[in-house]
file query_39.pdb (PDB, N, CA and C atoms, pLDDT in the B column)
MODEL        1
ATOM      1  N   MET A   6      81.019  43.589 -52.598  1.00 44.00           N
ATOM      2  CA  MET A   6      80.364  44.880 -52.616  1.00 44.00           C
ATOM      3  C   MET A   6      78.866  44.620 -52.709  1.00 44.00           C
ATOM      4  N   SER A   7      78.102  45.121 -51.751  1.00 42.00           N
ATOM      5  CA  SER A   7      76.686  44.822 -51.688  1.00 42.00           C
ATOM      6  C   SER A   7      75.865  45.570 -52.725  1.00 42.00           C
ATOM      7  N   GLU A   8      76.302  46.749 -53.115  1.00 59.00           N
ATOM      8  CA  GLU A   8      75.586  47.487 -54.144  1.00 59.00           C
ATOM      9  C   GLU A   8      76.572  47.996 -55.182  1.00 59.00           C
ATOM     10  N   LEU A   9      76.085  48.104 -56.373  1.00 69.00           N
ATOM     11  CA  LEU A   9      76.937  48.573 -57.468  1.00 69.00           C
ATOM     12  C   LEU A   9      77.172  50.068 -57.316  1.00 69.00           C
ATOM     13  N   ARG A  10      78.395  50.467 -57.331  1.00 80.00           N
ATOM     14  CA  ARG A  10      78.737  51.888 -57.224  1.00 80.00           C
ATOM     15  C   ARG A  10      78.231  52.626 -58.470  1.00 80.00           C
ATOM     16  N   LYS A  11      77.887  53.876 -58.287  1.00 89.00           N
ATOM     17  CA  LYS A  11      77.349  54.680 -59.388  1.00 89.00           C
ATOM     18  C   LYS A  11      78.343  54.815 -60.533  1.00 89.00           C
ATOM     19  N   CYS A  12      79.629  54.831 -60.219  1.00 92.00           N
ATOM     20  CA  CYS A  12      80.619  54.982 -61.293  1.00 92.00           C
ATOM     21  C   CYS A  12      80.605  53.761 -62.217  1.00 92.00           C
ATOM     22  N   PHE A  13      80.364  52.558 -61.657  1.00 93.00           N
ATOM     23  CA  PHE A  13      80.276  51.365 -62.501  1.00 93.00           C
ATOM     24  C   PHE A  13      79.011  51.420 -63.354  1.00 93.00           C
ATOM     25  N   ALA A  14      77.896  51.806 -62.738  1.00 93.00           N
ATOM     26  CA  ALA A  14      76.634  51.903 -63.466  1.00 93.00           C
ATOM     27  C   ALA A  14      76.727  52.938 -64.585  1.00 93.00           C
ATOM     28  N   ALA A  15      77.446  54.024 -64.347  1.00 92.00           N
ATOM     29  CA  ALA A  15      77.587  55.066 -65.366  1.00 92.00           C
ATOM     30  C   ALA A  15      78.318  54.555 -66.606  1.00 92.00           C
ATOM     31  N   LEU A  16      79.141  53.535 -66.424  1.00 95.00           N
ATOM     32  CA  LEU A  16      79.843  52.936 -67.565  1.00 95.00           C
ATOM     33  C   LEU A  16      79.079  51.743 -68.128  1.00 95.00           C
ATOM     34  N   GLY A  17      77.884  51.490 -67.599  1.00 93.00           N
ATOM     35  CA  GLY A  17      77.025  50.443 -68.141  1.00 93.00           C
ATOM     36  C   GLY A  17      77.226  49.076 -67.541  1.00 93.00           C
ATOM     37  N   PHE A  18      77.951  48.973 -66.454  1.00 94.00           N
ATOM     38  CA  PHE A  18      78.154  47.679 -65.813  1.00 94.00           C
ATOM     39  C   PHE A  18      76.949  47.339 -64.938  1.00 94.00           C
ATOM     40  N   THR A  19      76.534  46.083 -64.959  1.00 92.00           N
ATOM     41  CA  THR A  19      75.479  45.617 -64.058  1.00 92.00           C
ATOM     42  C   THR A  19      76.079  44.824 -62.909  1.00 92.00           C
ATOM     43  N   GLU A  20      77.351  44.469 -63.033  1.00 90.00           N
ATOM     44  CA  GLU A  20      78.108  43.796 -61.983  1.00 90.00           C
ATOM     45  C   GLU A  20      79.490  44.438 -61.939  1.00 90.00           C
ATOM     46  N   GLN A  21      80.148  44.310 -60.798  1.00 89.00           N
ATOM     47  CA  GLN A  21      81.497  44.854 -60.707  1.00 89.00           C
ATOM     48  C   GLN A  21      82.415  44.035 -61.604  1.00 89.00           C
ATOM     49  N   PRO A  22      83.155  44.691 -62.509  1.00 93.00           N
ATOM     50  CA  PRO A  22      84.078  43.970 -63.380  1.00 93.00           C
ATOM     51  C   PRO A  22      85.217  43.351 -62.572  1.00 93.00           C
ATOM     52  N   ALA A  23      85.791  42.293 -63.109  1.00 92.00           N
ATOM     53  CA  ALA A  23      86.855  41.579 -62.406  1.00 92.00           C
ATOM     54  C   ALA A  23      88.230  42.192 -62.637  1.00 92.00           C
ATOM     55  N   THR A  24      88.397  42.883 -63.757  1.00 95.00           N
ATOM     56  CA  THR A  24      89.727  43.403 -64.079  1.00 95.00           C
ATOM     57  C   THR A  24      89.676  44.879 -64.468  1.00 95.00           C
ATOM     58  N   GLU A  25      90.813  45.524 -64.313  1.00 96.00           N
ATOM     59  CA  GLU A  25      90.939  46.916 -64.732  1.00 96.00           C
ATOM     60  C   GLU A  25      90.769  47.037 -66.239  1.00 96.00           C
ATOM     61  N   GLN A  26      91.219  46.034 -66.965  1.00 97.00           N
ATOM     62  CA  GLN A  26      91.137  46.080 -68.427  1.00 97.00           C
ATOM     63  C   GLN A  26      89.689  46.154 -68.905  1.00 97.00           C
ATOM     64  N   GLU A  27      88.773  45.492 -68.204  1.00 97.00           N
ATOM     65  CA  GLU A  27      87.358  45.565 -68.573  1.00 97.00           C
ATOM     66  C   GLU A  27      86.845  46.997 -68.452  1.00 97.00           C
ATOM     67  N   ILE A  28      87.253  47.683 -67.409  1.00 97.00           N
ATOM     68  CA  ILE A  28      86.830  49.070 -67.194  1.00 97.00           C
ATOM     69  C   ILE A  28      87.399  49.965 -68.291  1.00 97.00           C
ATOM     70  N   ILE A  29      88.673  49.804 -68.572  1.00 97.00           N
ATOM     71  CA  ILE A  29      89.335  50.619 -69.584  1.00 97.00           C
ATOM     72  C   ILE A  29      88.712  50.375 -70.964  1.00 97.00           C
ATOM     73  N   ALA A  30      88.439  49.115 -71.277  1.00 97.00           N
ATOM     74  CA  ALA A  30      87.842  48.779 -72.574  1.00 97.00           C
ATOM     75  C   ALA A  30      86.438  49.363 -72.701  1.00 97.00           C
ATOM     76  N   ARG A  31      85.638  49.243 -71.644  1.00 97.00           N
ATOM     77  CA  ARG A  31      84.277  49.776 -71.693  1.00 97.00           C
ATOM     78  C   ARG A  31      84.299  51.284 -71.878  1.00 97.00           C
ATOM     79  N   CYS A  32      85.178  51.959 -71.173  1.00 97.00           N
ATOM     80  CA  CYS A  32      85.287  53.408 -71.307  1.00 97.00           C
ATOM     81  C   CYS A  32      85.671  53.770 -72.740  1.00 97.00           C
ATOM     82  N   GLY A  33      86.606  53.037 -73.308  1.00 96.00           N
ATOM     83  CA  GLY A  33      87.013  53.284 -74.690  1.00 96.00           C
ATOM     84  C   GLY A  33      85.873  53.110 -75.676  1.00 96.00           C
ATOM     85  N   GLU A  34      85.060  52.076 -75.453  1.00 96.00           N
ATOM     86  CA  GLU A  34      83.900  51.848 -76.323  1.00 96.00           C
ATOM     87  C   GLU A  34      82.923  53.016 -76.248  1.00 96.00           C
ATOM     88  N   LEU A  35      82.664  53.472 -75.038  1.00 95.00           N
ATOM     89  CA  LEU A  35      81.726  54.579 -74.865  1.00 95.00           C
ATOM     90  C   LEU A  35      82.280  55.886 -75.404  1.00 95.00           C
ATOM     91  N   MET A  36      83.584  56.073 -75.305  1.00 94.00           N
ATOM     92  CA  MET A  36      84.185  57.307 -75.821  1.00 94.00           C
ATOM     93  C   MET A  36      84.107  57.370 -77.346  1.00 94.00           C
ATOM     94  N   GLU A  37      84.059  56.213 -77.989  1.00 94.00           N
ATOM     95  CA  GLU A  37      83.925  56.183 -79.451  1.00 94.00           C
ATOM     96  C   GLU A  37      82.623  56.839 -79.902  1.00 94.00           C
ATOM     97  N   LYS A  38      81.619  56.830 -79.033  1.00 92.00           N
ATOM     98  CA  LYS A  38      80.329  57.436 -79.371  1.00 92.00           C
ATOM     99  C   LYS A  38      80.357  58.950 -79.253  1.00 92.00           C
ATOM    100  N   HIS A  39      81.410  59.493 -78.685  1.00 90.00           N
ATOM    101  CA  HIS A  39      81.515  60.937 -78.457  1.00 90.00           C
ATOM    102  C   HIS A  39      82.790  61.481 -79.077  1.00 90.00           C
ATOM    103  N   LYS A  40      82.963  61.218 -80.368  1.00 86.00           N
ATOM    104  CA  LYS A  40      84.195  61.599 -81.052  1.00 86.00           C
ATOM    105  C   LYS A  40      84.137  63.004 -81.636  1.00 86.00           C
ATOM    106  N   ASP A  41      82.951  63.592 -81.730  1.00 84.00           N
ATOM    107  CA  ASP A  41      82.840  64.930 -82.303  1.00 84.00           C
ATOM    108  C   ASP A  41      83.498  65.946 -81.387  1.00 84.00           C
ATOM    109  N   SER A  42      83.749  67.110 -81.911  1.00 84.00           N
ATOM    110  CA  SER A  42      84.429  68.142 -81.123  1.00 84.00           C
ATOM    111  C   SER A  42      83.440  69.159 -80.560  1.00 84.00           C
ATOM    112  N   THR A  43      82.208  68.715 -80.322  1.00 92.00           N
ATOM    113  CA  THR A  43      81.229  69.626 -79.727  1.00 92.00           C
ATOM    114  C   THR A  43      81.466  69.705 -78.219  1.00 92.00           C
ATOM    115  N   GLU A  44      80.930  70.730 -77.624  1.00 94.00           N
ATOM    116  CA  GLU A  44      81.081  70.908 -76.178  1.00 94.00           C
ATOM    117  C   GLU A  44      80.418  69.758 -75.424  1.00 94.00           C
ATOM    118  N   SER A  45      79.270  69.294 -75.876  1.00 94.00           N
ATOM    119  CA  SER A  45      78.590  68.195 -75.178  1.00 94.00           C
ATOM    120  C   SER A  45      79.395  66.900 -75.271  1.00 94.00           C
ATOM    121  N   ASP A  46      80.034  66.652 -76.394  1.00 94.00           N
ATOM    122  CA  ASP A  46      80.883  65.469 -76.509  1.00 94.00           C
ATOM    123  C   ASP A  46      82.123  65.589 -75.629  1.00 94.00           C
ATOM    124  N   ARG A  47      82.674  66.775 -75.534  1.00 94.00           N
ATOM    125  CA  ARG A  47      83.827  66.988 -74.666  1.00 94.00           C
ATOM    126  C   ARG A  47      83.448  66.726 -73.213  1.00 94.00           C
ATOM    127  N   LEU A  48      82.298  67.222 -72.809  1.00 95.00           N
ATOM    128  CA  LEU A  48      81.832  66.990 -71.438  1.00 95.00           C
ATOM    129  C   LEU A  48      81.532  65.517 -71.195  1.00 95.00           C
ATOM    130  N   ALA A  49      80.949  64.853 -72.182  1.00 95.00           N
ATOM    131  CA  ALA A  49      80.657  63.418 -72.036  1.00 95.00           C
ATOM    132  C   ALA A  49      81.951  62.627 -71.878  1.00 95.00           C
ATOM    133  N   ARG A  50      82.976  62.958 -72.678  1.00 95.00           N
ATOM    134  CA  ARG A  50      84.264  62.275 -72.552  1.00 95.00           C
ATOM    135  C   ARG A  50      84.887  62.529 -71.188  1.00 95.00           C
ATOM    136  N   GLN A  51      84.764  63.759 -70.694  1.00 95.00           N
ATOM    137  CA  GLN A  51      85.307  64.093 -69.384  1.00 95.00           C
ATOM    138  C   GLN A  51      84.616  63.269 -68.290  1.00 95.00           C
ATOM    139  N   LEU A  52      83.298  63.164 -68.353  1.00 95.00           N
ATOM    140  CA  LEU A  52      82.563  62.368 -67.374  1.00 95.00           C
ATOM    141  C   LEU A  52      82.931  60.891 -67.458  1.00 95.00           C
ATOM    142  N   LEU A  53      83.093  60.386 -68.662  1.00 96.00           N
ATOM    143  CA  LEU A  53      83.496  58.991 -68.826  1.00 96.00           C
ATOM    144  C   LEU A  53      84.861  58.745 -68.183  1.00 96.00           C
ATOM    145  N   CYS A  54      85.790  59.653 -68.403  1.00 96.00           N
ATOM    146  CA  CYS A  54      87.130  59.501 -67.816  1.00 96.00           C
ATOM    147  C   CYS A  54      87.085  59.579 -66.303  1.00 96.00           C
ATOM    148  N   GLU A  55      86.275  60.481 -65.772  1.00 95.00           N
ATOM    149  CA  GLU A  55      86.154  60.583 -64.318  1.00 95.00           C
ATOM    150  C   GLU A  55      85.557  59.304 -63.730  1.00 95.00           C
ATOM    151  N   ASN A  56      84.534  58.764 -64.382  1.00 95.00           N
ATOM    152  CA  ASN A  56      83.933  57.520 -63.910  1.00 95.00           C
ATOM    153  C   ASN A  56      84.904  56.355 -64.041  1.00 95.00           C
ATOM    154  N   ARG A  57      85.671  56.324 -65.131  1.00 96.00           N
ATOM    155  CA  ARG A  57      86.682  55.280 -65.297  1.00 96.00           C
ATOM    156  C   ARG A  57      87.690  55.328 -64.150  1.00 96.00           C
ATOM    157  N   ASP A  58      88.164  56.523 -63.841  1.00 96.00           N
ATOM    158  CA  ASP A  58      89.153  56.666 -62.773  1.00 96.00           C
ATOM    159  C   ASP A  58      88.582  56.251 -61.419  1.00 96.00           C
ATOM    160  N   MET A  59      87.318  56.606 -61.154  1.00 93.00           N
ATOM    161  CA  MET A  59      86.686  56.198 -59.895  1.00 93.00           C
ATOM    162  C   MET A  59      86.492  54.685 -59.835  1.00 93.00           C
ATOM    163  N   CYS A  60      86.128  54.091 -60.953  1.00 95.00           N
ATOM    164  CA  CYS A  60      85.963  52.637 -61.010  1.00 95.00           C
ATOM    165  C   CYS A  60      87.291  51.931 -60.738  1.00 95.00           C
ATOM    166  N   LEU A  61      88.336  52.413 -61.369  1.00 95.00           N
ATOM    167  CA  LEU A  61      89.651  51.809 -61.165  1.00 95.00           C
ATOM    168  C   LEU A  61      90.081  51.927 -59.708  1.00 95.00           C
ATOM    169  N   ALA A  62      89.842  53.087 -59.114  1.00 93.00           N
ATOM    170  CA  ALA A  62      90.201  53.280 -57.702  1.00 93.00           C
ATOM    171  C   ALA A  62      89.397  52.344 -56.805  1.00 93.00           C
ATOM    172  N   GLU A  63      88.125  52.188 -57.089  1.00 91.00           N
ATOM    173  CA  GLU A  63      87.271  51.306 -56.283  1.00 91.00           C
ATOM    174  C   GLU A  63      87.700  49.847 -56.440  1.00 91.00           C
ATOM    175  N   LEU A  64      88.025  49.443 -57.652  1.00 92.00           N
ATOM    176  CA  LEU A  64      88.469  48.065 -57.878  1.00 92.00           C
ATOM    177  C   LEU A  64      89.771  47.798 -57.139  1.00 92.00           C
ATOM    178  N   ARG A  65      90.678  48.743 -57.187  1.00 93.00           N
ATOM    179  CA  ARG A  65      91.963  48.591 -56.464  1.00 93.00           C
ATOM    180  C   ARG A  65      91.742  48.565 -54.960  1.00 93.00           C
ATOM    181  N   ARG A  66      90.825  49.400 -54.468  1.00 91.00           N
ATOM    182  CA  ARG A  66      90.533  49.432 -53.038  1.00 91.00           C
ATOM    183  C   ARG A  66      89.937  48.109 -52.585  1.00 91.00           C
ATOM    184  N   ALA A  67      89.031  47.569 -53.376  1.00 88.00           N
ATOM    185  CA  ALA A  67      88.385  46.305 -53.032  1.00 88.00           C
ATOM    186  C   ALA A  67      89.378  45.140 -53.067  1.00 88.00           C
ATOM    187  N   ALA A  68      90.390  45.245 -53.934  1.00 88.00           N
ATOM    188  CA  ALA A  68      91.381  44.180 -54.052  1.00 88.00           C
ATOM    189  C   ALA A  68      92.375  44.197 -52.899  1.00 88.00           C
ATOM    190  N   GLY A  69      92.441  45.328 -52.266  1.00 82.00           N
ATOM    191  CA  GLY A  69      93.281  45.271 -51.173  1.00 82.00           C
ATOM    192  C   GLY A  69      94.205  46.073 -50.569  1.00 82.00           C
TER     193      GLY A  69
ENDMDL
END

call {"tool": "encode", "arguments": {"input": "query_39.pdb", "output": "structure tokens"}}
result
Amino acid sequence: MSELRKCFAALGFTEQPATEQEIIARCGELMEKHKDSTESDRLARQLLCENRDMCLAELRRAAG
């Protein structure tokens, strides 16, 4: 992949991760920062999950 996809950058990756587990773990770490039940935390968690799902789809697509 010649450029890092925005979904990877949104999860703080500077390189494409090698495994799905890295993506899932990073998302979990970031979600820990948004544990409150405020609307902004709910939206942040939703965005993190959407980016995680896009990252996983891109990794699977690149694998084959």

call {"tool": "resolve_selection", "arguments": {"input": "query_39.pdb", "expression": "the PyMOL selection byres ((chain A and resi 57) around 8)", "output": "ChimeraX atom specification"}}
result
/A:12-13,15-16,28-29,32,51-56,58-63

call {"tool": "select_by_dssp", "arguments": {"input": "query_39.pdb", "residues": "chain A", "states": "alpha helix (DSSP H)", "output": "PyMOL selection string"}}
result
chain A and resi 11-15+25-37+44-68

call {"tool": "atom_distance", "arguments": {"input": "query_39.pdb", "atom1": "CA of Thr19 in chain A", "atom2": "CA of His39 in chain A"}}
result
21.9 Å

call {"tool": "closest_residue", "arguments": {"input": "query_39.pdb", "among": "A:Arg50, A:Phe18, A:Arg10, A:Glu25", "to": "Glu37 in chain A", "atoms": "only C-alpha atoms"}}
result
A:Arg50

call {"tool": "atom_distance", "arguments": {"input": "query_39.pdb", "atom1": "CA of Leu35 in chain A", "atom2": "atom N of Ala49 in chain A"}}
result
10.6 Å

call {"tool": "atom_distance", "arguments": {"input": "query_39.pdb", "atom1": "atom N of Lys11 in chain A", "atom2": "CA of Glu44 in chain A"}}
result
24.9 Å

call {"tool": "axis_aligned_box", "arguments": {"input": "query_39.pdb", "around": "range 34-40 of chain A", "padding_each_side": "8 Å", "output": "lines of an AutoDock Vina configuration file"}}
result
center_x = 82.7
center_y = 57.4
center_z = -78.3
size_x = 20.7
size_y = 27.2
size_z = 22.8

call {"tool": "build_atoms", "arguments": {"input": "query_39.pdb", "residues": "range 35-60 of chain A", "atoms": "N, CA, C and O atoms", "output": "PDB file, in the frame of the given file"}}
result
ATOM      1  N   LEU A  35      82.664  53.472 -75.038  1.00 95.00           N
ATOM      2  CA  LEU A  35      81.726  54.579 -74.865  1.00 95.00           C
ATOM      3  C   LEU A  35      82.280  55.886 -75.404  1.00 95.00           C
ATOM      4  O   LEU A  35      81.531  56.713 -75.942  1.00 95.00           O
ATOM      5  N   MET A  36      83.584  56.073 -75.305  1.00 94.00           N
ATOM      6  CA  MET A  36      84.185  57.307 -75.821  1.00 94.00           C
ATOM      7  C   MET A  36      84.107  57.370 -77.346  1.00 94.00           C
ATOM      8  O   MET A  36      84.061  58.461 -77.912  1.00 94.00           O
ATOM      9  N   GLU A  37      84.059  56.213 -77.989  1.00 94.00           N
ATOM     10  CA  GLU A  37      83.925  56.183 -79.451  1.00 94.00           C
ATOM     11  C   GLU A  37      82.623  56.839 -79.902  1.00 94.00           C
ATOM     12  O   GLU A  37      82.530  57.354 -81.001  1.00 94.00           O
ATOM     13  N   LYS A  38      81.619  56.830 -79.033  1.00 92.00           N
ATOM     14  CA  LYS A  38      80.329  57.436 -79.371  1.00 92.00           C
ATOM     15  C   LYS A  38      80.357  58.950 -79.253  1.00 92.00           C
ATOM     16  O   LYS A  38      79.426  59.620 -79.672  1.00 92.00           O
ATOM     17  N   HIS A  39      81.410  59.493 -78.685  1.00 90.00           N
ATOM     18  CA  HIS A  39      81.515  60.937 -78.457  1.00 90.00           C
ATOM     19  C   HIS A  39      82.790  61.481 -79.077  1.00 90.00           C
ATOM     20  O   HIS A  39      83.598  62.127 -78.428  1.00 90.00           O
ATOM     21  N   LYS A  40      82.963  61.218 -80.368  1.00 86.00           N
ATOM     22  CA  LYS A  40      84.195  61.599 -81.052  1.00 86.00           C
ATOM     23  C   LYS A  40      84.137  63.004 -81.636  1.00 86.00           C
ATOM     24  O   LYS A  40      85.160  63.556 -82.004  1.00 86.00           O
ATOM     25  N   ASP A  41      82.951  63.592 -81.730  1.00 84.00           N
ATOM     26  CA  ASP A  41      82.840  64.930 -82.303  1.00 84.00           C
ATOM     27  C   ASP A  41      83.498  65.946 -81.387  1.00 84.00           C
ATOM     28  O   ASP A  41      83.744  65.696 -80.221  1.00 84.00           O
ATOM     29  N   SER A  42      83.749  67.110 -81.911  1.00 84.00           N
ATOM     30  CA  SER A  42      84.429  68.142 -81.123  1.00 84.00           C
ATOM     31  C   SER A  42      83.440  69.159 -80.560  1.00 84.00           C
ATOM     32  O   SER A  42      83.798  70.314 -80.342  1.00 84.00           O
ATOM     33  N   THR A  43      82.208  68.715 -80.322  1.00 92.00           N
ATOM     34  CA  THR A  43      81.229  69.626 -79.727  1.00 92.00           C
ATOM     35  C   THR A  43      81.466  69.705 -78.219  1.00 92.00           C
ATOM     36  O   THR A  43      82.114  68.851 -77.628  1.00 92.00           O
ATOM     37  N   GLU A  44      80.930  70.730 -77.624  1.00 94.00           N
ATOM     38  CA  GLU A  44      81.081  70.908 -76.178  1.00 94.00           C
ATOM     39  C   GLU A  44      80.418  69.758 -75.424  1.00 94.00           C
ATOM     40  O   GLU A  44      80.957  69.271 -74.424  1.00 94.00           O
ATOM     41  N   SER A  45      79.270  69.294 -75.876  1.00 94.00           N
ATOM     42  CA  SER A  45      78.590  68.195 -75.178  1.00 94.00           C
ATOM     43  C   SER A  45      79.395  66.900 -75.271  1.00 94.00           C
ATOM     44  O   SER A  45      79.442  66.131 -74.302  1.00 94.00           O
ATOM     45  N   ASP A  46      80.034  66.652 -76.394  1.00 94.00           N
ATOM     46  CA  ASP A  46      80.883  65.469 -76.509  1.00 94.00           C
ATOM     47  C   ASP A  46      82.123  65.589 -75.629  1.00 94.00           C
ATOM     48  O   ASP A  46      82.550  64.624 -75.012  1.00 94.00           O
ATOM     49  N   ARG A  47      82.674  66.775 -75.534  1.00 94.00           N
ATOM     50  CA  ARG A  47      83.827  66.988 -74.666  1.00 94.00           C
ATOM     51  C   ARG A  47      83.448  66.726 -73.213  1.00 94.00           C
ATOM     52  O   ARG A  47      84.170  66.052 -72.479  1.00 94.00           O
ATOM     53  N   LEU A  48      82.298  67.222 -72.809  1.00 95.00           N
ATOM     54  CA  LEU A  48      81.832  66.990 -71.438  1.00 95.00           C
ATOM     55  C   LEU A  48      81.532  65.517 -71.195  1.00 95.00           C
ATOM     56  O   LEU A  48      81.840  64.991 -70.121  1.00 95.00           O
ATOM     57  N   ALA A  49      80.949  64.853 -72.182  1.00 95.00           N
ATOM     58  CA  ALA A  49      80.657  63.418 -72.036  1.00 95.00           C
ATOM     59  C   ALA A  49      81.951  62.627 -71.878  1.00 95.00           C
ATOM     60  O   ALA A  49      82.031  61.727 -71.036  1.00 95.00           O
ATOM     61  N   ARG A  50      82.976  62.958 -72.678  1.00 95.00           N
ATOM     62  CA  ARG A  50      84.264  62.275 -72.552  1.00 95.00           C
ATOM     63  C   ARG A  50      84.887  62.529 -71.188  1.00 95.00           C
ATOM     64  O   ARG A  50      85.460  61.627 -70.571  1.00 95.00           O
ATOM     65  N   GLN A  51      84.764  63.759 -70.694  1.00 95.00           N
ATOM     66  CA  GLN A  51      85.307  64.093 -69.384  1.00 95.00           C
ATOM     67  C   GLN A  51      84.616  63.269 -68.290  1.00 95.00           C
ATOM     68  O   GLN A  51      85.274  62.722 -67.407  1.00 95.00           O
ATOM     69  N   LEU A  52      83.298  63.164 -68.353  1.00 95.00           N
ATOM     70  CA  LEU A  52      82.563  62.368 -67.374  1.00 95.00           C
ATOM     71  C   LEU A  52      82.931  60.891 -67.458  1.00 95.00           C
ATOM     72  O   LEU A  52      83.060  60.213 -66.434  1.00 95.00           O
ATOM     73  N   LEU A  53      83.093  60.386 -68.662  1.00 96.00           N
ATOM     74  CA  LEU A  53      83.496  58.991 -68.826  1.00 96.00           C
ATOM     75  C   LEU A  53      84.861  58.745 -68.183  1.00 96.00           C
ATOM     76  O   LEU A  53      85.048  57.745 -67.481  1.00 96.00           O
ATOM     77  N   CYS A  54      85.790  59.653 -68.403  1.00 96.00           N
ATOM     78  CA  CYS A  54      87.130  59.501 -67.816  1.00 96.00           C
ATOM     79  C   CYS A  54      87.085  59.579 -66.303  1.00 96.00           C
ATOM     80  O   CYS A  54      87.769  58.806 -65.608  1.00 96.00           O
ATOM     81  N   GLU A  55      86.275  60.481 -65.772  1.00 95.00           N
ATOM     82  CA  GLU A  55      86.154  60.583 -64.318  1.00 95.00           C
ATOM     83  C   GLU A  55      85.557  59.304 -63.730  1.00 95.00           C
ATOM     84  O   GLU A  55      86.027  58.806 -62.707  1.00 95.00           O
ATOM     85  N   ASN A  56      84.534  58.764 -64.382  1.00 95.00           N
ATOM     86  CA  ASN A  56      83.933  57.520 -63.910  1.00 95.00           C
ATOM     87  C   ASN A  56      84.904  56.355 -64.041  1.00 95.00           C
ATOM     88  O   ASN A  56      84.981  55.507 -63.158  1.00 95.00           O
ATOM     89  N   ARG A  57      85.671  56.324 -65.131  1.00 96.00           N
ATOM     90  CA  ARG A  57      86.682  55.280 -65.297  1.00 96.00           C
ATOM     91  C   ARG A  57      87.690  55.328 -64.150  1.00 96.00           C
ATOM     92  O   ARG A  57      87.993  54.299 -63.544  1.00 96.00           O
ATOM     93  N   ASP A  58      88.164  56.523 -63.841  1.00 96.00           N
ATOM     94  CA  ASP A  58      89.153  56.666 -62.773  1.00 96.00           C
ATOM     95  C   ASP A  58      88.582  56.251 -61.419  1.00 96.00           C
ATOM     96  O   ASP A  58      89.258  55.599 -60.623  1.00 96.00           O
ATOM     97  N   MET A  59      87.318  56.606 -61.154  1.00 93.00           N
ATOM     98  CA  MET A  59      86.686  56.198 -59.895  1.00 93.00           C
ATOM     99  C   MET A  59      86.492  54.685 -59.835  1.00 93.00           C
ATOM    100  O   MET A  59      86.676  54.068 -58.782  1.00 93.00           O
ATOM    101  N   CYS A  60      86.128  54.091 -60.953  1.00 95.00           N
ATOM    102  CA  CYS A  60      85.963  52.637 -61.010  1.00 95.00           C
ATOM    103  C   CYS A  60      87.291  51.931 -60.738  1.00 95.00           C
ATOM    104  O   CYS A  60      87.339  50.961 -59.986  1.00 95.00           O
TER     105      CYS A  60
END
